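Visitor: Contents are PDB, C-alpha atoms, pLDDT in the B column; file name run30.pdb:
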ATOM      1  CA  MET A   1       0.000   0.000   0.000  1.00 53.00           C
ATOM      2  CA  ILE A   2       1.493   3.312  -1.053  1.00 59.00           C
ATOM      3  CA  THR A   3      -0.332   6.613  -0.697  1.00 65.00           C
ATOM      4  CA  ASP A   4       1.056   9.767  -2.325  1.00 67.00           C
ATOM      5  CA  TYR A   5       0.197  13.168  -0.824  1.00 67.00           C
ATOM      6  CA  GLY A   6       1.765  15.557  -3.283  1.00 72.00           C
ATOM      7  CA  GLY A   7       5.215  14.033  -3.057  1.00 70.00           C
ATOM      8  CA  TRP A   8       4.914  12.751   0.531  1.00 70.00           C
ATOM      9  CA  ASP A   9       4.705   8.971   0.386  1.00 69.00           C
ATOM     10  CA  MET A  10       3.155   6.999   3.204  1.00 66.00           C
ATOM     11  CA  THR A  11       3.401   3.228   3.084  1.00 70.00           C
ATOM     12  CA  VAL A  12       2.168   0.506   5.376  1.00 71.00           C
ATOM     13  CA  VAL A  13       5.737   0.155   6.673  1.00 73.00           C
ATOM     14  CA  LEU A  14       5.489   3.598   8.253  1.00 70.00           C
ATOM     15  CA  LEU A  15       2.305   2.593  10.078  1.00 73.00           C
ATOM     16  CA  LEU A  16       3.927  -0.596  11.362  1.00 79.00           C
ATOM     17  CA  MET A  17       7.013   1.293  12.571  1.00 79.00           C
ATOM     18  CA  ILE A  18       4.811   3.662  14.579  1.00 78.00           C
ATOM     19  CA  GLU A  19       2.894   0.677  15.997  1.00 80.00           C
ATOM     20  CA  THR A  20       6.179  -0.920  17.080  1.00 83.00           C
ATOM     21  CA  ILE A  21       7.108   2.242  18.974  1.00 82.00           C
ATOM     22  CA  HIS A  22       3.709   2.443  20.684  1.00 82.00           C
ATOM     23  CA  LEU A  23       3.626  -1.219  21.654  1.00 85.00           C
ATOM     24  CA  SER A  24       7.191  -1.023  22.995  1.00 86.00           C
ATOM     25  CA  TYR A  25       6.414   2.042  25.116  1.00 86.00           C
ATOM     26  CA  LEU A  26       3.229   0.416  26.393  1.00 86.00           C
ATOM     27  CA  GLY A  27       5.071  -2.760  27.378  1.00 88.00           C
ATOM     28  CA  TRP A  28       7.898  -0.887  29.092  1.00 90.00           C
ATOM     29  CA  ASP A  29       5.568   1.423  30.984  1.00 89.00           C
ATOM     30  CA  TYR A  30       3.379  -1.450  32.151  1.00 89.00           C
ATOM     31  CA  SER A  31       6.409  -3.446  33.289  1.00 92.00           C
ATOM     32  CA  ASP A  32       7.632  -0.355  35.182  1.00 91.00           C
ATOM     33  CA  GLY A  33       4.258  -0.240  36.942  1.00 89.00           C
ATOM     34  CA  ALA A  34       4.780  -3.795  38.203  1.00 91.00           C
ATOM     35  CA  VAL A  35       7.870  -2.694  40.149  1.00 91.00           C
ATOM     36  CA  GLU A  36       6.848  -1.009  43.389  1.00 88.00           C
ATOM     37  CA  ASP A  37       9.879   1.257  43.825  1.00 91.00           C
ATOM     38  CA  CYS A  38      10.013   2.421  40.195  1.00 90.00           C
ATOM     39  CA  LYS A  39      10.213   6.219  39.936  1.00 91.00           C
ATOM     40  CA  SER A  40       9.303   6.476  36.232  1.00 89.00           C
ATOM     41  CA  PRO A  41       6.757   9.256  35.611  1.00 88.00           C
ATOM     42  CA  THR A  42       5.241   7.285  32.714  1.00 86.00           C
ATOM     43  CA  LYS A  43       4.666   3.986  34.522  1.00 89.00           C
ATOM     44  CA  LEU A  44       1.243   2.366  34.172  1.00 89.00           C
ATOM     45  CA  VAL A  45      -0.129   0.602  37.212  1.00 89.00           C
ATOM     46  CA  VAL A  46      -3.518  -0.159  35.643  1.00 88.00           C
ATOM     47  CA  PHE A  47      -3.652  -1.313  32.034  1.00 87.00           C
ATOM     48  CA  PRO A  48      -5.886   0.941  29.904  1.00 88.00           C
ATOM     49  CA  SER A  49      -9.301  -0.251  28.774  1.00 91.00           C
ATOM     50  CA  PHE A  50      -9.648  -1.819  25.346  1.00 91.00           C
ATOM     51  CA  ILE A  51     -11.043   1.377  23.792  1.00 91.00           C
ATOM     52  CA  GLU A  52      -8.273   3.499  25.357  1.00 89.00           C
ATOM     53  CA  TYR A  53      -5.714   1.001  24.090  1.00 85.00           C
ATOM     54  CA  LEU A  54      -7.073   1.160  20.526  1.00 84.00           C
ATOM     55  CA  ALA A  55      -7.245   4.955  20.572  1.00 84.00           C
ATOM     56  CA  GLY A  56      -3.712   5.339  21.900  1.00 81.00           C
ATOM     57  CA  VAL A  57      -1.911   2.672  19.914  1.00 77.00           C
ATOM     58  CA  LEU A  58      -3.746   2.379  16.616  1.00 75.00           C
ATOM     59  CA  CYS A  59      -4.178   6.031  15.649  1.00 72.00           C
ATOM     60  CA  PRO A  60      -2.761   6.400  12.115  1.00 65.00           C
ATOM     61  CA  ALA A  61      -2.898  10.205  12.279  1.00 68.00           C
ATOM     62  CA  GLN A  62       0.165  10.059  14.512  1.00 67.00           C
ATOM     63  CA  CYS A  63       2.214   9.057  11.479  1.00 63.00           C
ATOM     64  CA  LEU A  64       1.836  12.619  10.233  1.00 66.00           C
ATOM     65  CA  ALA A  65       2.349  14.380  13.575  1.00 68.00           C
ATOM     66  CA  GLY A  66       4.679  11.859  15.191  1.00 63.00           C
ATOM     67  CA  PRO A  67       4.051   9.345  17.937  1.00 60.00           C
ATOM     68  CA  SER A  68       2.602  10.730  21.137  1.00 60.00           C
ATOM     69  CA  GLY A  69       5.023   8.674  23.161  1.00 73.00           C
ATOM     70  CA  HIS A  70       3.661   7.153  26.303  1.00 81.00           C
ATOM     71  CA  MET A  71       0.148   5.930  27.046  1.00 83.00           C
ATOM     72  CA  LYS A  72       0.022   7.864  30.319  1.00 84.00           C
ATOM     73  CA  ASP A  73       0.579  11.143  28.453  1.00 83.00           C
ATOM     74  CA  PHE A  74      -2.103  10.184  25.951  1.00 82.00           C
ATOM     75  CA  LEU A  75      -4.617   9.369  28.708  1.00 85.00           C
ATOM     76  CA  ASN A  76      -3.803  12.610  30.556  1.00 85.00           C
ATOM     77  CA  TYR A  77      -4.468  14.524  27.342  1.00 83.00           C
ATOM     78  CA  ILE A  78      -7.748  12.727  26.596  1.00 85.00           C
ATOM     79  CA  TYR A  79      -9.085  13.079  30.150  1.00 89.00           C
ATOM     80  CA  ARG A  80      -7.557  16.579  30.679  1.00 89.00           C
ATOM     81  CA  ARG A  81      -5.500  15.685  33.712  1.00 87.00           C
ATOM     82  CA  ASN A  82      -2.311  17.188  35.147  1.00 85.00           C
ATOM     83  CA  GLU A  83      -0.613  19.551  32.677  1.00 84.00           C
ATOM     84  CA  TYR A  84      -3.537  19.272  30.219  1.00 83.00           C
ATOM     85  CA  SER A  85      -6.228  20.506  32.636  1.00 85.00           C
ATOM     86  CA  HIS A  86      -7.691  23.922  31.943  1.00 80.00           C
ATOM     87  CA  ASP A  87      -8.243  24.857  35.573  1.00 67.00           C
TER      88      ASP A  87
END
As structure tokens, how would this structure be written, given the file I've shared?

Guide:
Amino acid sequence: MITDYGGWDMTVVLLLMIETIHLSYLGWDYSDGAVEDCKSPTKLVVFPSFIEYLAGVLCPAQCLAGPSGHMKDFLNYIYRRNEYSHD
């Protein structure tokens, strides 16, 4: 699959590379959450719901803007918590 946007090519390989990054970050953050004395700010103690997982990991629009990074940042943005709150 190759899609051409005025000279910008996007193939299925690009989507799979972004998915590899997201799945790796998700696995690392969840394994950090299993360690009690881990000080990582992105650790996940509770695994996201299935819908949150699909929204955070399988969003192809991130291929144009870049990967969001960690699931905890994505969930904070969606639910407007911490630095994303408007209070």

Visitor: Just the residues within 10 Å of A:Trp28, please, counting only C-alpha atoms, with nothing from its chain fewer than 6 positions along; format it as a JSON list (two decimals) with C-alpha atoms, in the coordinates of the input.

Guide:
[["chain", "number", "residue", "atom", "x", "y", "z"],
["A", 22, "HIS", "CA", 3.71, 2.44, 20.68],
["A", 42, "THR", "CA", 5.24, 7.28, 32.71],
["A", 43, "LYS", "CA", 4.67, 3.99, 34.52],
["A", 44, "LEU", "CA", 1.24, 2.37, 34.17],
["A", 70, "HIS", "CA", 3.66, 7.15, 26.30]]

Visitor: For each of A:Phe47, A:Phe74, A:Tyr53, A:Tyr84, take the minimum atom-to-atom distance to A:Tyr30, counting only C-alpha atoms, then give the residue where this is smallest.

Guide: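 Among the listed residues, A:Phe47 lies closest to A:Tyr30.
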
Visitor: Can you work out which one of A:Val35, A:Ile51, A:Ile21, A:Leu26 has the shortest atom-to-atom distance to A:Asp73, counting only C-alpha atoms?

Guide: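 Smallest separation from A:Asp73 among the options: A:Leu26.
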
Visitor: What does the distance from atom CA of A:Ala55 to atom CA of A:Trp8 come to in Å, to one decimal?

Guide: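 Calculated distance between atom CA of A:Ala55 and atom CA of A:Trp8 is 24.7 Å.
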
Visitor: What is the atom CA of A:Gly33-atom CA of A:Cys59 distance in Å, reported with one decimal?

Guide: 23.7 Å

Visitor: Which value, in Å to one decimal, gives the distance between atom CA of A:Cys38 and atom CA of A:Asn82?

Guide: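 Atom CA of A:Asn82 lies 19.9 Å from atom CA of A:Cys38.
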